Amino acid sequence: MENSVKLYYFSYSEAKTYLWATVFVACNMLLPQLFHLIPQGGIIFAPLSFVILAGAYKFGWKVGLLAAVLSPLVNHFVFGQPQTGMLLVMTVKLAVLAIVAGLAAQHFKSVSLPLMIGVVLVSSVVGGLGELVLTGAIDGTIADFTIGWPGLLLQVFGSWFILKKIG
């Protein structure tokens, strides 16, 4: 189940960092529109998280962090989602995911299902704690696991599959 993959670690002084971050922001504009065709599809599947996880794992936490910060902002200004009240929460959760994924890839230099499960669980718990601090309510964090479990599975298996295939 483990697969060595070619991983990249770009710095903020490299043009490739901004190129790949732009690619992931563009993906994060298109993919959510497909999931929003499903009732509560954005909440259930968290498509922004899927793209951020795969991107940060493959190209490093700096690319992932740029995409994590820009994706919700661009989507908010273009499509009105996430709503203003959730913009900071979503940005924090995506940033945590990008950093955890990028650092895990850098440390382990491989991809496996247990590693993807760990990345998703750690980032979900830490991001959920961030949401709790920002909102003072635990409802959103609980919903990530009760309503959003298909999205967590998409993150784990979808990212693992893509990373394995593009090696």
# chains A, B, ... in the order shown; residues from 1 in each chain; ligands from 1
>>> residues_around(residues="segment 138-150 of chain A", least_positions_apart="6", cutoff="10 Å", atoms="only C-alpha atoms", output="list in words")
Gln40, Gly41, Gly42, Ile43, Ile44, Phe45, Ala46, Val89, Leu121, Ser124, Val125, Val126, Gly127, Gly128, Leu129, Gly130, Glu131, Leu132 and Val156 of chain A
>>> write_last_selection(atoms="all heavy atoms", output="short mmCIF file (atom, residue, chain, number, x, y, z; two decimals), in the first residue's frame")
data_model
loop_
_atom_site.label_atom_id
_atom_site.label_comp_id
_atom_site.auth_asym_id
_atom_site.auth_seq_id
_atom_site.Cartn_x
_atom_site.Cartn_y
_atom_site.Cartn_z
N GLN A 40 -26.29 20.15 -0.38
CA GLN A 40 -25.28 20.18 0.68
C GLN A 40 -23.96 19.53 0.26
O GLN A 40 -23.17 19.10 1.10
CB GLN A 40 -25.79 19.53 1.97
CG GLN A 40 -26.92 20.27 2.63
CD GLN A 40 -27.21 19.72 4.01
OE1 GLN A 40 -26.95 18.57 4.33
NE2 GLN A 40 -27.77 20.57 4.85
N GLY A 41 -23.72 19.49 -1.04
CA GLY A 41 -22.51 18.83 -1.56
C GLY A 41 -21.22 19.43 -1.07
O GLY A 41 -20.25 18.72 -0.82
N GLY A 42 -21.18 20.75 -0.91
CA GLY A 42 -19.97 21.40 -0.42
C GLY A 42 -19.66 21.01 1.01
O GLY A 42 -18.52 20.77 1.38
N ILE A 43 -20.69 20.93 1.83
CA ILE A 43 -20.53 20.57 3.24
C ILE A 43 -20.16 19.09 3.38
O ILE A 43 -19.30 18.72 4.16
CB ILE A 43 -21.81 20.88 4.04
CG1 ILE A 43 -22.06 22.39 4.04
CG2 ILE A 43 -21.74 20.34 5.45
CD1 ILE A 43 -23.44 22.79 4.54
N ILE A 44 -20.82 18.27 2.59
CA ILE A 44 -20.61 16.82 2.69
C ILE A 44 -19.23 16.41 2.17
O ILE A 44 -18.53 15.61 2.77
CB ILE A 44 -21.72 16.06 1.93
CG1 ILE A 44 -23.07 16.29 2.61
CG2 ILE A 44 -21.40 14.57 1.82
CD1 ILE A 44 -24.26 15.80 1.81
N PHE A 45 -18.82 16.96 1.02
CA PHE A 45 -17.62 16.47 0.34
C PHE A 45 -16.38 17.34 0.51
O PHE A 45 -15.28 16.89 0.20
CB PHE A 45 -17.91 16.26 -1.15
CG PHE A 45 -18.87 15.15 -1.40
CD1 PHE A 45 -20.19 15.41 -1.71
CD2 PHE A 45 -18.47 13.83 -1.28
CE1 PHE A 45 -21.10 14.39 -1.92
CE2 PHE A 45 -19.36 12.79 -1.48
CZ PHE A 45 -20.68 13.07 -1.81
N ALA A 46 -16.51 18.57 0.96
CA ALA A 46 -15.37 19.47 1.20
C ALA A 46 -14.36 19.42 0.06
O ALA A 46 -13.20 19.07 0.26
CB ALA A 46 -14.71 19.15 2.53
N VAL A 89 -12.69 30.78 9.15
CA VAL A 89 -12.69 29.40 9.64
C VAL A 89 -12.19 28.46 8.56
O VAL A 89 -11.32 27.62 8.79
CB VAL A 89 -14.10 28.98 10.13
CG1 VAL A 89 -14.16 27.48 10.42
CG2 VAL A 89 -14.49 29.78 11.36
N LEU A 121 -6.94 13.00 9.68
CA LEU A 121 -7.43 13.05 11.06
C LEU A 121 -6.76 14.14 11.88
O LEU A 121 -7.43 14.90 12.58
CB LEU A 121 -7.25 11.69 11.74
CG LEU A 121 -8.21 10.60 11.29
CD1 LEU A 121 -7.90 9.27 12.00
CD2 LEU A 121 -9.66 10.99 11.54
N SER A 124 -7.97 17.50 10.67
CA SER A 124 -9.37 17.71 11.02
C SER A 124 -9.53 18.07 12.49
O SER A 124 -10.31 18.95 12.84
CB SER A 124 -10.20 16.46 10.70
OG SER A 124 -10.25 16.24 9.31
N VAL A 125 -8.78 17.40 13.34
CA VAL A 125 -8.86 17.69 14.78
C VAL A 125 -8.27 19.07 15.08
O VAL A 125 -8.89 19.89 15.77
CB VAL A 125 -8.16 16.59 15.60
CG1 VAL A 125 -8.00 17.00 17.06
CG2 VAL A 125 -8.94 15.28 15.50
N VAL A 126 -7.09 19.35 14.54
CA VAL A 126 -6.45 20.66 14.80
C VAL A 126 -7.28 21.79 14.17
O VAL A 126 -7.52 22.82 14.80
CB VAL A 126 -4.99 20.68 14.29
CG1 VAL A 126 -4.39 22.08 14.40
CG2 VAL A 126 -4.15 19.68 15.06
N GLY A 127 -7.74 21.58 12.94
CA GLY A 127 -8.59 22.58 12.29
C GLY A 127 -9.90 22.77 13.04
O GLY A 127 -10.42 23.88 13.16
N GLY A 128 -10.45 21.66 13.56
CA GLY A 128 -11.68 21.74 14.36
C GLY A 128 -11.48 22.53 15.64
O GLY A 128 -12.34 23.30 16.05
N LEU A 129 -10.32 22.35 16.26
CA LEU A 129 -10.01 23.14 17.45
C LEU A 129 -9.88 24.62 17.09
O LEU A 129 -10.33 25.49 17.85
CB LEU A 129 -8.73 22.63 18.11
CG LEU A 129 -8.82 21.27 18.78
CD1 LEU A 129 -7.44 20.79 19.24
CD2 LEU A 129 -9.80 21.30 19.94
N GLY A 130 -9.29 24.89 15.94
CA GLY A 130 -9.21 26.27 15.46
C GLY A 130 -10.59 26.86 15.24
O GLY A 130 -10.85 28.01 15.61
N GLU A 131 -11.48 26.07 14.67
CA GLU A 131 -12.86 26.52 14.46
C GLU A 131 -13.55 26.78 15.79
O GLU A 131 -14.25 27.78 15.95
CB GLU A 131 -13.64 25.47 13.66
CG GLU A 131 -15.06 25.87 13.39
CD GLU A 131 -15.80 24.88 12.51
OE1 GLU A 131 -15.29 23.76 12.27
OE2 GLU A 131 -16.91 25.23 12.04
N LEU A 132 -13.33 25.92 16.75
CA LEU A 132 -13.91 26.10 18.08
C LEU A 132 -13.43 27.41 18.71
O LEU A 132 -14.22 28.16 19.27
CB LEU A 132 -13.54 24.91 18.97
CG LEU A 132 -14.05 24.93 20.41
CD1 LEU A 132 -15.57 24.97 20.45
CD2 LEU A 132 -13.53 23.72 21.16
N VAL A 156 -8.93 11.15 1.87
CA VAL A 156 -8.00 10.04 2.10
C VAL A 156 -7.79 9.23 0.82
O VAL A 156 -6.67 9.10 0.33
CB VAL A 156 -8.50 9.11 3.24
CG1 VAL A 156 -7.70 7.82 3.29
CG2 VAL A 156 -8.45 9.83 4.58
#
>>> residues_around(residues="segment 67-75 of chain A", least_positions_apart="6", cutoff="8 Å", atoms="only C-alpha atoms", output="PDB file with N, CA and C atoms, in the first residue's frame")
ATOM      1  N   ALA A  21       0.363  26.949  -7.207  1.00  0.00           N
ATOM      2  CA  ALA A  21      -0.692  27.487  -6.337  1.00  0.00           C
ATOM      3  C   ALA A  21      -1.851  28.015  -7.176  1.00  0.00           C
ATOM      4  N   THR A  22      -1.547  28.666  -8.286  1.00  0.00           N
ATOM      5  CA  THR A  22      -2.584  29.175  -9.192  1.00  0.00           C
ATOM      6  C   THR A  22      -3.389  28.026  -9.800  1.00  0.00           C
ATOM      7  N   PHE A  24      -3.953  25.142  -8.418  1.00  0.00           N
ATOM      8  CA  PHE A  24      -4.831  24.590  -7.379  1.00  0.00           C
ATOM      9  C   PHE A  24      -5.979  25.531  -7.039  1.00  0.00           C
ATOM     10  N   VAL A  25      -5.739  26.820  -7.089  1.00  0.00           N
ATOM     11  CA  VAL A  25      -6.834  27.776  -6.869  1.00  0.00           C
ATOM     12  C   VAL A  25      -7.857  27.638  -7.993  1.00  0.00           C
ATOM     13  N   ASN A  28      -9.821  24.678  -7.440  1.00  0.00           N
ATOM     14  CA  ASN A  28     -10.730  24.929  -6.327  1.00  0.00           C
ATOM     15  C   ASN A  28     -11.842  25.902  -6.677  1.00  0.00           C
ATOM     16  N   MET A  29     -11.811  26.468  -7.840  1.00  0.00           N
ATOM     17  CA  MET A  29     -12.953  27.252  -8.326  1.00  0.00           C
ATOM     18  C   MET A  29     -13.909  26.351  -9.101  1.00  0.00           C
ATOM     19  N   LEU A  48     -12.679  21.620  -1.578  1.00  0.00           N
ATOM     20  CA  LEU A  48     -11.470  22.434  -1.449  1.00  0.00           C
ATOM     21  C   LEU A  48     -10.391  21.671  -0.698  1.00  0.00           C
ATOM     22  N   ILE A  52      -6.420  20.792  -1.825  1.00  0.00           N
ATOM     23  CA  ILE A  52      -5.335  21.296  -0.980  1.00  0.00           C
ATOM     24  C   ILE A  52      -4.476  20.145  -0.473  1.00  0.00           C
ATOM     25  N   GLN A  81     -19.147  32.069  -1.862  1.00  0.00           N
ATOM     26  CA  GLN A  81     -18.953  30.938  -0.952  1.00  0.00           C
ATOM     27  C   GLN A  81     -17.471  30.776  -0.678  1.00  0.00           C
ATOM     28  N   PRO A  82     -17.052  30.562   0.502  1.00  0.00           N
ATOM     29  CA  PRO A  82     -17.861  30.474   1.711  1.00  0.00           C
ATOM     30  C   PRO A  82     -18.412  31.837   2.112  1.00  0.00           C
ATOM     31  N   LEU A  87     -15.482  32.443   6.262  1.00  0.00           N
ATOM     32  CA  LEU A  87     -14.272  32.630   5.451  1.00  0.00           C
ATOM     33  C   LEU A  87     -12.998  32.383   6.261  1.00  0.00           C
ATOM     34  N   MET A  90     -12.730  28.595   7.350  1.00  0.00           N
ATOM     35  CA  MET A  90     -12.326  27.713   6.263  1.00  0.00           C
ATOM     36  C   MET A  90     -10.860  27.923   5.904  1.00  0.00           C
ATOM     37  N   THR A  91     -10.423  29.168   5.915  1.00  0.00           N
ATOM     38  CA  THR A  91      -9.025  29.462   5.593  1.00  0.00           C
ATOM     39  C   THR A  91      -8.095  28.813   6.611  1.00  0.00           C
ATOM     40  N   LEU A  94      -8.073  24.977   6.052  1.00  0.00           N
ATOM     41  CA  LEU A  94      -7.310  24.610   4.862  1.00  0.00           C
ATOM     42  C   LEU A  94      -5.818  24.835   5.063  1.00  0.00           C
ATOM     43  N   ALA A  95      -5.468  25.900   5.767  1.00  0.00           N
ATOM     44  CA  ALA A  95      -4.055  26.176   6.046  1.00  0.00           C
ATOM     45  C   ALA A  95      -3.454  25.074   6.913  1.00  0.00           C
ATOM     46  N   ALA A  98      -2.917  22.059   4.721  1.00  0.00           N
ATOM     47  CA  ALA A  98      -1.766  22.234   3.826  1.00  0.00           C
ATOM     48  C   ALA A  98      -0.452  22.025   4.571  1.00  0.00           C
TER      49      ALA A  98
END
>>> closest_residue(among="A:Gln33, A:Ser13, A:Gln106, A:Gln83", to="Phe59 of chain A", atoms="only C-alpha atoms")
A:Gln106
>>> select_by_dssp(residues="chain A", states="helix (DSSP H, G or I)", output="VMD selection string")
chain A and resid 15 to 35 41 to 45 47 to 59 61 to 79 84 to 108 113 to 135 139 to 146 149 to 166
>>> closest_residue(among="A:Phe157, A:Ile38, A:Phe50, A:Gly60", to="Pro114 of chain A", atoms="only C-alpha atoms")
A:Phe157
>>> closest_residue(among="A:Val5, A:Leu37, A:Leu31, A:Val78", to="Phe108 of chain A", atoms="only C-alpha atoms")
A:Val5
>>> atom_distance(atom1="atom CA of Val111 of chain A", atom2="atom CA of Ser123 of chain A")
16.4 Å
>>> atom_distance(atom1="atom CA of Leu153 of chain A", atom2="atom CA of Val63 of chain A")
23.0 Å
>>> atom_distance(atom1="atom CA of Leu65 of chain A", atom2="atom CA of Lys165 of chain A")
23.2 Å
>>> closest_residue(among="A:His36, A:Lys58, A:His76, A:Lys16", to="Ile166 of chain A", atoms="only C-alpha atoms")
A:Lys58
>>> closest_residue(among="A:Leu115, A:Leu7, A:Val120, A:Leu19", to="Lys93 of chain A", atoms="only C-alpha atoms")
A:Val120
